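File shown: query.cif. Contents: mmCIF, C-alpha atoms.
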data_target
loop_
_atom_site.label_atom_id
_atom_site.label_comp_id
_atom_site.auth_asym_id
_atom_site.auth_seq_id
_atom_site.Cartn_x
_atom_site.Cartn_y
_atom_site.Cartn_z
CA MET A 1 -6.80 -180.52 1.52
CA ARG A 2 -9.64 -182.61 2.96
CA TYR A 3 -13.11 -181.18 3.49
CA PRO A 4 -15.71 -182.60 5.89
CA GLU A 5 -18.39 -184.67 4.20
CA GLY A 6 -20.74 -182.38 2.27
CA ARG A 7 -18.60 -179.25 2.80
CA TRP A 8 -16.86 -179.20 -0.59
CA THR A 9 -18.34 -176.65 -2.99
CA ALA A 10 -17.59 -175.47 -6.49
CA SER A 11 -15.73 -172.47 -4.99
CA HIS A 12 -13.08 -174.95 -3.77
CA ALA A 13 -12.35 -175.98 -7.36
CA SER A 14 -9.84 -173.13 -7.82
CA ILE A 15 -6.24 -174.25 -7.90
CA ARG A 16 -3.69 -172.53 -5.69
CA SER A 17 -0.09 -172.95 -6.73
CA THR A 18 2.84 -171.50 -4.81
CA PRO A 19 6.57 -172.12 -5.00
CA ALA A 20 8.02 -174.62 -2.55
CA THR A 21 9.21 -173.22 0.76
CA ARG A 22 12.97 -172.73 0.85
CA PRO A 23 14.74 -174.29 3.82
CA VAL A 24 15.86 -171.90 6.54
CA THR A 25 19.64 -171.95 6.28
CA SER A 26 20.44 -169.87 9.36
CA SER A 27 18.88 -172.29 11.86
CA ASN A 28 18.01 -175.93 12.41
CA ILE A 29 14.25 -175.34 12.24
CA GLY A 30 13.90 -175.87 8.49
CA PRO A 31 10.83 -175.12 6.35
CA GLU A 32 7.56 -174.14 7.97
CA THR A 33 5.18 -176.93 8.94
CA THR A 34 1.51 -176.53 9.75
CA ALA A 35 -1.48 -178.28 11.35
CA GLY A 36 -5.08 -177.24 10.94
CA GLY A 37 -8.81 -177.62 10.59
CA ALA A 38 -11.89 -175.88 9.13
CA GLY A 39 -12.82 -172.36 10.26
CA ALA A 40 -15.33 -169.77 9.08
CA VAL A 41 -15.44 -166.28 7.60
CA VAL A 42 -17.19 -163.90 10.02
CA SER A 43 -17.03 -160.65 8.04
CA VAL A 44 -15.44 -159.03 4.98
CA LYS A 45 -15.18 -155.26 4.54
CA GLU A 46 -13.16 -152.83 2.46
CA GLU A 47 -10.42 -151.03 4.36
CA GLY A 48 -8.50 -148.60 2.19
CA ALA A 49 -7.05 -150.50 -0.78
CA SER A 50 -7.33 -153.83 1.03
CA HIS A 51 -10.08 -156.00 2.47
CA ARG A 52 -10.29 -156.79 6.17
CA ILE A 53 -11.46 -160.36 6.75
CA VAL A 54 -12.40 -161.62 10.21
CA PHE A 55 -12.34 -165.38 10.71
CA GLU A 56 -13.41 -167.68 13.52
CA ALA A 57 -11.00 -170.51 14.24
CA PRO A 58 -12.00 -173.94 15.50
CA GLU A 59 -11.54 -174.21 19.28
CA PRO A 60 -8.49 -176.53 19.14
CA LEU A 61 -6.56 -174.06 16.93
CA ALA A 62 -7.59 -170.77 18.54
CA ARG A 63 -4.94 -170.80 21.29
CA PHE A 64 -2.17 -171.04 18.69
CA ILE A 65 -3.16 -167.89 16.77
CA ALA A 66 -1.30 -164.74 17.82
CA SER A 67 -1.34 -161.14 16.71
CA LYS A 68 1.45 -160.53 14.16
CA GLY A 69 1.86 -164.29 13.83
CA SER A 70 1.33 -166.35 10.68
CA ILE A 71 -1.64 -168.44 9.61
CA CYS A 72 -2.50 -170.22 6.36
CA ILE A 73 -6.05 -169.82 5.08
CA ASP A 74 -6.94 -172.07 2.15
CA GLY A 75 -3.22 -172.43 1.45
CA VAL A 76 -2.44 -168.68 1.57
CA SER A 77 0.08 -167.62 4.23
CA LEU A 78 -1.10 -164.43 5.99
CA THR A 79 -0.14 -162.20 8.92
CA VAL A 80 -2.68 -161.98 11.74
CA ASN A 81 -3.56 -158.36 12.62
CA GLU A 82 -5.53 -158.90 15.81
CA VAL A 83 -7.01 -161.71 17.89
CA ASP A 84 -10.15 -161.69 20.04
CA GLY A 85 -10.89 -165.12 21.49
CA ARG A 86 -11.51 -167.49 18.58
CA ARG A 87 -11.82 -164.60 16.11
CA PHE A 88 -8.92 -162.98 14.31
CA GLY A 89 -8.51 -160.48 11.49
CA VAL A 90 -6.25 -160.22 8.46
CA ASN A 91 -5.93 -157.73 5.61
CA ILE A 92 -5.92 -158.99 2.04
CA ILE A 93 -4.11 -156.79 -0.50
CA PRO A 94 -5.52 -156.41 -4.04
CA HIS A 95 -3.00 -158.87 -5.55
CA THR A 96 -3.97 -161.59 -3.04
CA GLN A 97 -7.65 -160.89 -3.73
CA ALA A 98 -7.07 -161.30 -7.46
CA VAL A 99 -4.97 -164.48 -7.49
CA THR A 100 -6.37 -166.54 -4.59
CA THR A 101 -9.75 -167.91 -3.52
CA LEU A 102 -9.78 -165.38 -0.65
CA GLY A 103 -10.96 -162.71 -3.09
CA ALA A 104 -14.34 -164.46 -3.17
CA ALA A 105 -14.58 -165.10 0.60
CA GLN A 106 -18.05 -164.36 2.02
CA PRO A 107 -19.40 -164.45 5.60
CA GLY A 108 -20.34 -167.98 6.57
CA ALA A 109 -17.89 -169.63 4.15
CA ARG A 110 -15.89 -172.53 5.61
CA LEU A 111 -12.17 -172.42 4.83
CA ASN A 112 -9.17 -174.54 5.71
CA MET A 113 -6.98 -173.01 8.45
CA GLU A 114 -3.48 -174.11 9.32
CA ILE A 115 -1.37 -172.86 12.21
CA ASP A 116 2.39 -172.89 12.42
CA THR A 117 3.41 -176.10 14.20
CA LEU A 118 6.15 -174.19 16.01
CA ALA A 119 3.34 -172.41 17.90
CA ARG A 120 2.17 -175.81 19.15
CA TYR A 121 5.62 -176.57 20.54
CA VAL A 122 5.87 -173.18 22.22
CA ALA A 123 2.46 -173.69 23.82
CA ARG A 124 3.48 -177.15 25.02
CA LEU A 125 6.72 -175.86 26.49
CA SER A 126 4.89 -173.08 28.33
CA GLU A 127 2.97 -175.79 30.24
CA PHE A 128 6.24 -176.79 31.96
CA LYS A 129 7.23 -173.66 33.88
#
Would you mind giving the structure from this file in structure tokens?
Amino acid sequence: MRYPEGRWTASHASIRSTPATRPVTSSNIGPETTAGGAGAVVSVKEEGASHRIVFEAPEPLARFIASKGSICIDGVSLTVNEVDGRRFGVNIIPHTQAVTTLGAAQPGARLNMEIDTLARYVARLSEFK
């Protein structure tokens, strides 16, 4: 992951390790691919046993984020709960809070965001009606 000059902080020193994505065997799409940029944490609040985090996406990525769609934040694949313009919310369960850097997310923090590349192709195709 590359951070803009001067944006790397000690909080980014945590290592995130996940198993490799298995290829999709029932289609020709294959493993997920992503494209992204840096976004920001807007708010963090407790919601039941989880934490609701609202993020603001960079303008070029915002149109590719959809409710109930997927997004990767600092390497963690999450489901989007709702979208409002450039802002979107996710819920982080206790396990995710404990084993990822998202457990320490605070308003104003800059995090890496990656959208599903398939969303880019769908958006492009919708331009040719």
Could you tell me how far atom CA of A:Ser126 lies from atom CA of A:Arg63, in Å and to one decimal? 12.3 Å
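Between atom CA of A:Ala62 and atom CA of A:Asp74 the separation is 16.5 Å.
With distances restricted to only C-alpha atoms, A:Gly75 is the closest residue to A:Thr101 from A:Gly48, A:Gly36, A:Pro58, A:Gly75.
When atom CA of A:Met113 is paired with atom CA of A:Cys72, their separation reads 5.7 Å.
Within 12 Å of A:Gln106, once all atoms listed in the file are used and residues closer than 5 positions along the same chain are dropped, the contacting residues are Ser11, Ala40, Val41, Val42, Ser43, Val44, Lys45, His51, Arg52, Ile53, Val54, Phe55, Thr101 and Leu111 of chain A.
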Within-10 Å shell of (5.5, -163.6, 14.3) in input frame, all atoms listed in the file, as a ChimeraX atom specification: /A:65-71,79-80,116,119
Those same residues - C-alpha atoms - I'd like them written as a PDB file, keeping the file's coordinate frame.
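Okay, this is what ended up in selection.pdb:
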ATOM      1  CA  ILE A  65      -3.160-167.890  16.770  1.00  0.00           C
ATOM      2  CA  ALA A  66      -1.300-164.740  17.820  1.00  0.00           C
ATOM      3  CA  SER A  67      -1.340-161.140  16.710  1.00  0.00           C
ATOM      4  CA  LYS A  68       1.450-160.530  14.160  1.00  0.00           C
ATOM      5  CA  GLY A  69       1.860-164.290  13.830  1.00  0.00           C
ATOM      6  CA  SER A  70       1.330-166.350  10.680  1.00  0.00           C
ATOM      7  CA  ILE A  71      -1.640-168.440   9.610  1.00  0.00           C
ATOM      8  CA  THR A  79      -0.140-162.200   8.920  1.00  0.00           C
ATOM      9  CA  VAL A  80      -2.680-161.980  11.740  1.00  0.00           C
ATOM     10  CA  ASP A 116       2.390-172.890  12.420  1.00  0.00           C
ATOM     11  CA  ALA A 119       3.340-172.410  17.900  1.00  0.00           C
TER      12      ALA A 119
END
Please write out, as lines of an AutoDock Vina configuration file, where the centre of an axis-aligned box around all listed atoms of stretch 84-102 of chain A lies and how long its edges are, in Å to one decimal, after adding 6 Å on each side.
center_x = -7.4
center_y = -162.2
center_z = 7.0
size_x = 20.8
size_y = 23.5
size_z = 41.0
Output the residue selection produced by the PyMOL selection byres ((chain A and resi 110) around 9) on the file above, formatted as a ChimeraX atom specification. /A:7,38-41,107-109,111-112
Once N, CA and C atoms are restored for stretch 50-76 of chain A, what would the output be as an mmCIF file, keeping the file's coordinate frame?
data_model
loop_
_atom_site.group_PDB
_atom_site.id
_atom_site.type_symbol
_atom_site.label_atom_id
_atom_site.label_comp_id
_atom_site.auth_asym_id
_atom_site.auth_seq_id
_atom_site.Cartn_x
_atom_site.Cartn_y
_atom_site.Cartn_z
ATOM 1 N N SER A 50 -7.266 -152.397 0.722
ATOM 2 C CA SER A 50 -7.330 -153.830 1.030
ATOM 3 C C SER A 50 -8.716 -154.219 1.532
ATOM 4 N N HIS A 51 -8.872 -155.496 1.837
ATOM 5 C CA HIS A 51 -10.080 -156.000 2.470
ATOM 6 C C HIS A 51 -9.711 -156.588 3.820
ATOM 7 N N ARG A 52 -10.470 -156.230 4.834
ATOM 8 C CA ARG A 52 -10.290 -156.790 6.170
ATOM 9 C C ARG A 52 -11.224 -157.996 6.263
ATOM 10 N N ILE A 53 -10.652 -159.157 6.573
ATOM 11 C CA ILE A 53 -11.460 -160.360 6.750
ATOM 12 C C ILE A 53 -11.286 -160.842 8.177
ATOM 13 N N VAL A 54 -12.404 -161.065 8.853
ATOM 14 C CA VAL A 54 -12.400 -161.620 10.210
ATOM 15 C C VAL A 54 -12.843 -163.071 10.102
ATOM 16 N N PHE A 55 -12.065 -163.950 10.714
ATOM 17 C CA PHE A 55 -12.340 -165.380 10.710
ATOM 18 C C PHE A 55 -12.615 -165.862 12.130
ATOM 19 N N GLU A 56 -13.272 -167.005 12.229
ATOM 20 C CA GLU A 56 -13.410 -167.680 13.520
ATOM 21 C C GLU A 56 -12.740 -169.038 13.390
ATOM 22 N N ALA A 57 -11.771 -169.265 14.265
ATOM 23 C CA ALA A 57 -11.000 -170.510 14.240
ATOM 24 C C ALA A 57 -11.702 -171.589 15.036
ATOM 25 N N PRO A 58 -11.474 -172.856 14.679
ATOM 26 C CA PRO A 58 -12.000 -173.940 15.500
ATOM 27 C C PRO A 58 -11.323 -173.891 16.879
ATOM 28 N N GLU A 59 -12.037 -174.271 17.900
ATOM 29 C CA GLU A 59 -11.540 -174.210 19.280
ATOM 30 C C GLU A 59 -10.133 -174.782 19.458
ATOM 31 N N PRO A 60 -9.823 -175.970 18.906
ATOM 32 C CA PRO A 60 -8.490 -176.530 19.140
ATOM 33 C C PRO A 60 -7.338 -175.694 18.555
ATOM 34 N N LEU A 61 -7.613 -174.867 17.541
ATOM 35 C CA LEU A 61 -6.560 -174.060 16.930
ATOM 36 C C LEU A 61 -6.444 -172.664 17.524
ATOM 37 N N ALA A 62 -7.518 -172.162 18.121
ATOM 38 C CA ALA A 62 -7.590 -170.770 18.540
ATOM 39 C C ALA A 62 -6.427 -170.351 19.442
ATOM 40 N N ARG A 63 -6.009 -171.182 20.353
ATOM 41 C CA ARG A 63 -4.940 -170.800 21.290
ATOM 42 C C ARG A 63 -3.583 -170.642 20.624
ATOM 43 N N PHE A 64 -3.443 -171.124 19.398
ATOM 44 C CA PHE A 64 -2.170 -171.040 18.690
ATOM 45 C C PHE A 64 -2.087 -169.842 17.740
ATOM 46 N N ILE A 65 -3.135 -169.038 17.676
ATOM 47 C CA ILE A 65 -3.160 -167.890 16.770
ATOM 48 C C ILE A 65 -2.818 -166.637 17.560
ATOM 49 N N ALA A 66 -1.792 -165.921 17.098
ATOM 50 C CA ALA A 66 -1.300 -164.740 17.820
ATOM 51 C C ALA A 66 -1.224 -163.535 16.896
ATOM 52 N N SER A 67 -1.481 -162.373 17.454
ATOM 53 C CA SER A 67 -1.340 -161.140 16.710
ATOM 54 C C SER A 67 0.083 -161.018 16.166
ATOM 55 N N LYS A 68 0.191 -160.652 14.908
ATOM 56 C CA LYS A 68 1.450 -160.530 14.160
ATOM 57 C C LYS A 68 2.099 -161.883 13.870
ATOM 58 N N GLY A 69 1.394 -162.961 14.171
ATOM 59 C CA GLY A 69 1.860 -164.290 13.830
ATOM 60 C C GLY A 69 1.376 -164.673 12.435
ATOM 61 N N SER A 70 1.717 -165.872 12.005
ATOM 62 C CA SER A 70 1.330 -166.350 10.680
ATOM 63 C C SER A 70 0.225 -167.386 10.776
ATOM 64 N N ILE A 71 -0.605 -167.409 9.749
ATOM 65 C CA ILE A 71 -1.640 -168.440 9.610
ATOM 66 C C ILE A 71 -1.850 -168.670 8.118
ATOM 67 N N CYS A 72 -2.163 -169.906 7.757
ATOM 68 C CA CYS A 72 -2.500 -170.220 6.360
ATOM 69 C C CYS A 72 -3.999 -170.403 6.265
ATOM 70 N N ILE A 73 -4.612 -169.693 5.345
ATOM 71 C CA ILE A 73 -6.050 -169.820 5.080
ATOM 72 C C ILE A 73 -6.192 -170.303 3.651
ATOM 73 N N ASP A 74 -6.793 -171.459 3.476
ATOM 74 C CA ASP A 74 -6.940 -172.070 2.150
ATOM 75 C C ASP A 74 -5.614 -172.052 1.379
ATOM 76 N N GLY A 75 -4.526 -172.330 2.081
ATOM 77 C CA GLY A 75 -3.220 -172.430 1.450
ATOM 78 C C GLY A 75 -2.483 -171.113 1.265
ATOM 79 N N VAL A 76 -3.065 -169.994 1.714
ATOM 80 C CA VAL A 76 -2.440 -168.680 1.570
ATOM 81 C C VAL A 76 -1.869 -168.266 2.929
#
